[in-house]
>>> print(open('coords_19.cif').read())   # mmCIF, C-alpha atoms; chains and numbers go by the auth columns
data_data
loop_
_atom_site.group_PDB
_atom_site.id
_atom_site.type_symbol
_atom_site.label_atom_id
_atom_site.label_comp_id
_atom_site.label_asym_id
_atom_site.label_seq_id
_atom_site.Cartn_x
_atom_site.Cartn_y
_atom_site.Cartn_z
_atom_site.B_iso_or_equiv
_atom_site.auth_seq_id
_atom_site.auth_asym_id
ATOM 1 C CA MET A 1 -27.550 -18.183 -14.117 0.00 284 D
ATOM 2 C CA THR A 2 -30.198 -15.901 -12.738 0.00 285 D
ATOM 3 C CA HIS A 3 -30.100 -12.120 -12.776 0.00 286 D
ATOM 4 C CA HIS A 4 -29.665 -11.981 -9.004 0.00 287 D
ATOM 5 C CA SER A 5 -26.620 -14.269 -8.964 0.00 288 D
ATOM 6 C CA LEU A 6 -25.086 -12.508 -11.979 0.00 289 D
ATOM 7 C CA LEU A 7 -25.581 -9.184 -10.223 0.00 290 D
ATOM 8 C CA GLY A 8 -23.924 -10.575 -7.088 0.00 291 D
ATOM 9 C CA LEU A 9 -20.950 -11.865 -9.064 0.00 292 D
ATOM 10 C CA CYS A 10 -20.540 -8.522 -10.838 0.00 293 D
ATOM 11 C CA THR A 11 -20.787 -6.691 -7.521 0.00 294 D
ATOM 12 C CA GLY A 12 -18.152 -8.949 -5.976 0.00 295 D
ATOM 13 C CA TYR A 13 -15.898 -8.554 -9.009 0.00 296 D
ATOM 14 C CA GLY A 14 -16.200 -4.776 -8.885 0.00 297 D
ATOM 15 C CA ALA A 15 -15.546 -4.667 -5.140 0.00 298 D
ATOM 16 C CA SER A 16 -12.504 -6.916 -5.574 0.00 299 D
ATOM 17 C CA LEU A 17 -11.106 -4.665 -8.281 0.00 300 D
ATOM 18 C CA VAL A 18 -11.636 -1.551 -6.162 0.00 301 D
ATOM 19 C CA LEU A 19 -10.020 -3.112 -3.078 0.00 302 D
ATOM 20 C CA THR A 20 -7.063 -4.340 -5.133 0.00 303 D
ATOM 21 C CA ALA A 21 -6.594 -0.907 -6.702 0.00 304 D
ATOM 22 C CA LEU A 22 -6.780 0.738 -3.270 0.00 305 D
ATOM 23 C CA ALA A 23 -4.145 -1.610 -1.845 0.00 306 D
ATOM 24 C CA PHE A 24 -1.889 -1.003 -4.848 0.00 307 D
ATOM 25 C CA ALA A 25 -2.323 2.760 -4.599 0.00 308 D
ATOM 26 C CA THR A 26 -1.682 2.662 -0.854 0.00 309 D
ATOM 27 C CA VAL A 27 1.672 0.979 -1.379 0.00 310 D
ATOM 28 C CA VAL A 28 2.748 2.960 -4.437 0.00 311 D
ATOM 29 C CA LEU A 29 1.651 6.406 -3.270 0.00 312 D
ATOM 30 C CA GLY A 30 2.415 5.943 0.410 0.00 313 D
ATOM 31 C CA ALA A 31 5.994 4.754 0.007 0.00 314 D
ATOM 32 C CA ASP A 32 7.280 7.743 2.029 0.00 315 D
ATOM 33 C CA GLY A 33 5.003 7.082 5.005 0.00 316 D
ATOM 34 C CA PRO A 34 5.785 4.973 8.057 0.00 317 D
ATOM 35 C CA THR A 35 5.947 1.278 7.292 0.00 318 D
ATOM 36 C CA ALA A 36 3.649 0.341 10.185 0.00 319 D
ATOM 37 C CA VAL A 37 0.882 2.586 8.839 0.00 320 D
ATOM 38 C CA LEU A 38 1.211 1.138 5.329 0.00 321 D
ATOM 39 C CA VAL A 39 1.158 -2.432 6.622 0.00 322 D
ATOM 40 C CA THR A 40 -1.915 -1.681 8.746 0.00 323 D
ATOM 41 C CA LYS A 41 -3.777 -0.155 5.797 0.00 324 D
ATOM 42 C CA VAL A 42 -2.906 -3.044 3.492 0.00 325 D
ATOM 43 C CA CYS A 43 -3.952 -5.594 6.147 0.00 326 D
ATOM 44 C CA ILE A 44 -7.310 -3.857 6.578 0.00 327 D
ATOM 45 C CA LEU A 45 -7.836 -3.890 2.818 0.00 328 D
ATOM 46 C CA ALA A 46 -6.802 -7.571 2.714 0.00 329 D
ATOM 47 C CA ALA A 47 -9.374 -8.418 5.391 0.00 330 D
ATOM 48 C CA ALA A 48 -12.044 -6.565 3.421 0.00 331 D
ATOM 49 C CA GLN A 49 -10.968 -8.459 0.296 0.00 332 D
ATOM 50 C CA LEU A 50 -11.319 -11.745 2.210 0.00 333 D
ATOM 51 C CA VAL A 51 -14.858 -10.847 3.246 0.00 334 D
ATOM 52 C CA VAL A 52 -15.810 -9.896 -0.332 0.00 335 D
ATOM 53 C CA GLN A 53 -14.324 -13.106 -1.748 0.00 336 D
ATOM 54 C CA ALA A 54 -16.030 -15.275 0.870 0.00 337 D
ATOM 55 C CA ARG A 55 -19.404 -13.589 0.474 0.00 338 D
ATOM 56 C CA TYR A 56 -19.704 -13.169 -3.282 0.00 339 D
ATOM 57 C CA PHE A 57 -17.605 -15.999 -4.730 0.00 340 D
ATOM 58 C CA LEU A 58 -17.639 -18.720 -2.071 0.00 341 D
ATOM 59 C CA HIS A 59 -21.267 -17.848 -1.220 0.00 342 D
ATOM 60 C CA LEU A 60 -20.615 -18.053 2.503 0.00 343 D
ATOM 61 C CA GLY A 61 -23.047 -16.462 4.885 0.00 344 D
ATOM 62 C CA PHE A 62 -25.522 -17.327 7.553 0.00 345 D
ATOM 63 C CA SER A 63 -28.788 -18.173 5.894 0.00 346 D
ATOM 64 C CA GLU A 64 -32.062 -19.536 7.163 0.00 347 D
ATOM 65 C CA ARG A 65 -31.139 -22.947 5.779 0.00 348 D
ATOM 66 C CA GLY A 66 -28.311 -23.180 8.278 0.00 349 D
ATOM 67 C CA ASP A 67 -25.481 -24.001 5.886 0.00 350 D
ATOM 68 C CA TRP A 68 -22.438 -25.467 7.540 0.00 351 D
ATOM 69 C CA ASN A 69 -20.114 -23.915 4.951 0.00 352 D
ATOM 70 C CA THR A 70 -19.582 -20.782 7.015 0.00 353 D
ATOM 71 C CA ALA A 71 -18.867 -22.745 10.175 0.00 354 D
ATOM 72 C CA VAL A 72 -16.372 -24.954 8.351 0.00 355 D
ATOM 73 C CA PHE A 73 -14.715 -21.882 6.819 0.00 356 D
ATOM 74 C CA ALA A 74 -14.473 -20.183 10.218 0.00 357 D
ATOM 75 C CA TYR A 75 -12.983 -23.314 11.797 0.00 358 D
ATOM 76 C CA THR A 76 -10.444 -23.642 8.975 0.00 359 D
ATOM 77 C CA PHE A 77 -9.509 -19.962 9.320 0.00 360 D
ATOM 78 C CA LEU A 78 -9.070 -20.419 13.070 0.00 361 D
ATOM 79 C CA MET A 79 -6.847 -23.463 12.606 0.00 362 D
ATOM 80 C CA VAL A 80 -4.677 -21.652 10.032 0.00 363 D
ATOM 81 C CA LEU A 81 -4.409 -18.724 12.447 0.00 364 D
ATOM 82 C CA VAL A 82 -3.380 -21.025 15.321 0.00 365 D
ATOM 83 C CA VAL A 83 -0.755 -22.757 13.166 0.00 366 D
ATOM 84 C CA GLY A 84 0.573 -19.432 11.849 0.00 367 D
ATOM 85 C CA VAL A 85 0.800 -17.723 15.243 0.00 368 D
ATOM 86 C CA GLY A 86 2.214 -20.869 16.818 0.00 369 D
ATOM 87 C CA SER A 87 4.895 -21.101 14.137 0.00 370 D
ATOM 88 C CA LEU A 88 5.901 -17.476 14.675 0.00 371 D
ATOM 89 C CA TRP A 89 6.022 -18.032 18.430 0.00 372 D
ATOM 90 C CA ILE A 90 8.201 -21.128 18.039 0.00 373 D
ATOM 91 C CA MET A 91 10.564 -19.334 15.624 0.00 374 D
ATOM 92 C CA ASN A 92 10.901 -16.397 18.022 0.00 375 D
ATOM 93 C CA ASN A 93 11.623 -18.742 20.922 0.00 376 D
ATOM 94 C CA LEU A 94 14.122 -20.674 18.811 0.00 377 D
ATOM 95 C CA ALA A 95 15.906 -17.453 17.845 0.00 378 D
ATOM 96 C CA TYR A 96 16.197 -16.549 21.535 0.00 379 D
ATOM 97 C CA ASN A 97 17.496 -20.000 22.476 0.00 380 D
ATOM 98 C CA MET A 98 20.092 -19.958 19.680 0.00 381 D
ATOM 99 C CA MET A 99 21.697 -16.702 20.900 0.00 382 D
ATOM 100 C CA THR A 100 25.184 -16.643 22.308 0.00 383 D
ATOM 101 C CA PRO A 101 25.510 -15.624 25.973 0.00 384 D
ATOM 102 C CA GLN A 102 26.665 -12.145 24.936 0.00 385 D
ATOM 103 C CA GLU A 103 23.667 -11.704 22.600 0.00 386 D
ATOM 104 C CA THR A 104 21.363 -12.935 25.367 0.00 387 D
ATOM 105 C CA ASP A 105 22.761 -10.388 27.819 0.00 388 D
ATOM 106 C CA SER A 106 22.382 -7.597 25.279 0.00 389 D
ATOM 107 C CA TYR A 107 18.824 -8.702 24.497 0.00 390 D
ATOM 108 C CA MET A 108 17.850 -8.816 28.178 0.00 391 D
ATOM 109 C CA LEU A 109 19.335 -5.371 28.856 0.00 392 D
ATOM 110 C CA LYS A 110 17.223 -3.886 26.046 0.00 393 D
ATOM 111 C CA ARG A 111 14.046 -5.173 27.673 0.00 394 D
#
>>> encode(input="coords_19.cif", output="structure tokens")
Amino acid sequence: MTHHSLLGLCTGYGASLVLTALAFATVVLGADGPTAVLVTKVCILAAAQLVVQARYFLHLGFSERGDWNTAVFAYTFLMVLVVGVGSLWIMNNLAYNMMTPQETDSYMLKR
């Protein structure tokens, strides 16, 4: 292992530890805050953690060699996103279709 790759791994490890500690502290110390704000902060930290993991440990990135790894990773991420959002959409639609007529009326009046 060369010095450059060892330095990159140590940098990624340190960044991962810091991001994990920040997410933990956000949840533990911000328990009195609004839930939406906490979830937003943790999601931002999770996205940053994903970038660090992909860059330093999976060695993904656009290089001059034109590796296809990043394109494959992006496509996989997109497909997981489509399946996840589609599943949530289907479950929401199913919940609406399973309502009784009284629940449907109440739901429509709220909108």
>>> axis_aligned_box(input="coords_19.cif", around="range 349-362 of chain D", padding_each_side="6 Å", output="JSON")
{"center_x": -17.6, "center_y": -22.7, "center_z": 9.0, "size_x": 33.5, "size_y": 17.5, "size_z": 20.1}
>>> residues_around(input="coords_19.cif", residues="Val301 in chain D", least_positions_apart="4", cutoff="12 Å", atoms="all atoms listed in the file", output="list of chain:residue names")
D:Thr294, D:Gly295, D:Tyr296, D:Gly297, D:Leu305, D:Ala306, D:Phe307, D:Ala308, D:Leu328, D:Ala329, D:Ala331, D:Gln332, D:Val335
>>> resolve_selection(input="coords_19.cif", expression="the PyMOL selection byres ((chain D and resi 342) around 12)", output="list of chain:residue names")
D:Ser288, D:Gly291, D:Leu292, D:Gly295, D:Val334, D:Val335, D:Gln336, D:Ala337, D:Arg338, D:Tyr339, D:Phe340, D:Leu341, D:Leu343, D:Gly344, D:Phe345, D:Ser346, D:Asp350, D:Trp351, D:Asn352, D:Thr353, D:Phe356
>>> atom_distance(input="coords_19.cif", atom1="CA of Thr323 in chain D", atom2="CA of Ala298 in chain D")
19.7 Å
>>> atom_distance(input="coords_19.cif", atom1="CA of Val320 in chain D", atom2="CA of Ala304 in chain D")
17.6 Å
>>> residues_around(input="coords_19.cif", residues="Val310 in chain D", least_positions_apart="6", cutoff="12 Å", atoms="all atoms listed in the file", output="PyMOL selection string")
chain D and resi 303-304+316-326+328
>>> closest_residue(input="coords_19.cif", among="D:Leu364, D:Ala354, D:Ala314, D:Leu333", to="Leu302 in chain D", atoms="all atoms listed in the file")
D:Leu333
>>> atom_distance(input="coords_19.cif", atom1="CA of Ser370 in chain D", atom2="CA of Thr309 in chain D")
28.9 Å
>>> decode(input="coords_19.cif", residues="range 346-380 of chain D", atoms="N, CA and C atoms", output="compact mmCIF listing (two decimals), in the first residue's frame")
# COMPACT_ATOMS: atom_id res chain seq x y z
N SER D 346 -12.28 9.85 -13.33
CA SER D 346 -10.85 9.99 -13.58
C SER D 346 -10.62 10.08 -15.09
N GLU D 347 -9.40 10.33 -15.43
CA GLU D 347 -9.05 10.44 -16.86
C GLU D 347 -9.16 9.09 -17.56
N ARG D 348 -9.07 8.01 -16.80
CA ARG D 348 -9.17 6.68 -17.40
C ARG D 348 -10.59 6.37 -17.84
N GLY D 349 -11.55 7.09 -17.29
CA GLY D 349 -12.93 6.86 -17.69
C GLY D 349 -13.52 5.60 -17.08
N ASP D 350 -13.28 5.37 -15.80
CA ASP D 350 -13.84 4.19 -15.14
C ASP D 350 -15.35 4.20 -15.21
N TRP D 351 -15.90 3.03 -15.40
CA TRP D 351 -17.35 2.88 -15.46
C TRP D 351 -17.94 2.66 -14.07
N ASN D 352 -17.10 2.50 -13.06
CA ASN D 352 -17.60 2.23 -11.71
C ASN D 352 -18.56 3.31 -11.23
N THR D 353 -18.22 4.56 -11.48
CA THR D 353 -19.07 5.65 -11.02
C THR D 353 -20.40 5.65 -11.75
N ALA D 354 -20.39 5.38 -13.02
CA ALA D 354 -21.62 5.34 -13.79
C ALA D 354 -22.51 4.19 -13.32
N VAL D 355 -21.92 3.04 -13.06
CA VAL D 355 -22.68 1.90 -12.56
C VAL D 355 -23.25 2.21 -11.18
N PHE D 356 -22.46 2.84 -10.33
CA PHE D 356 -22.92 3.21 -8.99
C PHE D 356 -24.08 4.20 -9.09
N ALA D 357 -23.97 5.18 -9.96
CA ALA D 357 -25.04 6.17 -10.11
C ALA D 357 -26.31 5.52 -10.64
N TYR D 358 -26.18 4.61 -11.59
CA TYR D 358 -27.35 3.91 -12.12
C TYR D 358 -28.00 3.05 -11.04
N THR D 359 -27.20 2.35 -10.26
CA THR D 359 -27.73 1.53 -9.17
C THR D 359 -28.45 2.39 -8.15
N PHE D 360 -27.86 3.54 -7.79
CA PHE D 360 -28.48 4.46 -6.85
C PHE D 360 -29.81 4.96 -7.39
N LEU D 361 -29.85 5.28 -8.67
CA LEU D 361 -31.08 5.75 -9.30
C LEU D 361 -32.16 4.67 -9.28
N MET D 362 -31.79 3.44 -9.57
CA MET D 362 -32.77 2.36 -9.56
C MET D 362 -33.30 2.10 -8.16
N VAL D 363 -32.44 2.15 -7.15
CA VAL D 363 -32.88 1.98 -5.76
C VAL D 363 -33.82 3.11 -5.38
N LEU D 364 -33.51 4.32 -5.82
CA LEU D 364 -34.36 5.47 -5.54
C LEU D 364 -35.73 5.31 -6.20
N VAL D 365 -35.76 4.86 -7.45
CA VAL D 365 -37.02 4.65 -8.16
C VAL D 365 -37.86 3.58 -7.46
N VAL D 366 -37.23 2.48 -7.07
CA VAL D 366 -37.95 1.41 -6.38
C VAL D 366 -38.46 1.89 -5.03
N GLY D 367 -37.64 2.63 -4.28
CA GLY D 367 -38.05 3.13 -2.98
C GLY D 367 -39.20 4.11 -3.07
N VAL D 368 -39.09 5.11 -3.94
CA VAL D 368 -40.15 6.11 -4.10
C VAL D 368 -41.41 5.45 -4.67
N GLY D 369 -41.24 4.55 -5.60
CA GLY D 369 -42.40 3.85 -6.15
C GLY D 369 -43.11 3.01 -5.11
N SER D 370 -42.36 2.37 -4.24
CA SER D 370 -42.98 1.57 -3.17
C SER D 370 -43.76 2.46 -2.21
N LEU D 371 -43.18 3.61 -1.85
CA LEU D 371 -43.90 4.53 -0.96
C LEU D 371 -45.17 5.06 -1.62
N TRP D 372 -45.09 5.35 -2.91
CA TRP D 372 -46.25 5.84 -3.64
C TRP D 372 -47.36 4.78 -3.67
N ILE D 373 -46.98 3.54 -3.95
CA ILE D 373 -47.95 2.45 -4.00
C ILE D 373 -48.58 2.23 -2.63
N MET D 374 -47.76 2.27 -1.55
CA MET D 374 -48.31 2.07 -0.21
C MET D 374 -49.28 3.20 0.17
N ASN D 375 -48.95 4.43 -0.21
CA ASN D 375 -49.84 5.55 0.06
C ASN D 375 -51.16 5.39 -0.69
N ASN D 376 -51.07 5.00 -1.96
CA ASN D 376 -52.27 4.79 -2.76
C ASN D 376 -53.09 3.63 -2.20
N LEU D 377 -52.44 2.59 -1.76
CA LEU D 377 -53.14 1.44 -1.19
C LEU D 377 -53.85 1.84 0.10
N ALA D 378 -53.18 2.66 0.93
CA ALA D 378 -53.82 3.11 2.17
C ALA D 378 -55.07 3.92 1.85
N TYR D 379 -55.01 4.75 0.83
CA TYR D 379 -56.18 5.55 0.44
C TYR D 379 -57.30 4.64 -0.07
N ASN D 380 -56.96 3.65 -0.87
CA ASN D 380 -57.98 2.76 -1.44
C ASN D 380 -58.58 1.81 -0.41
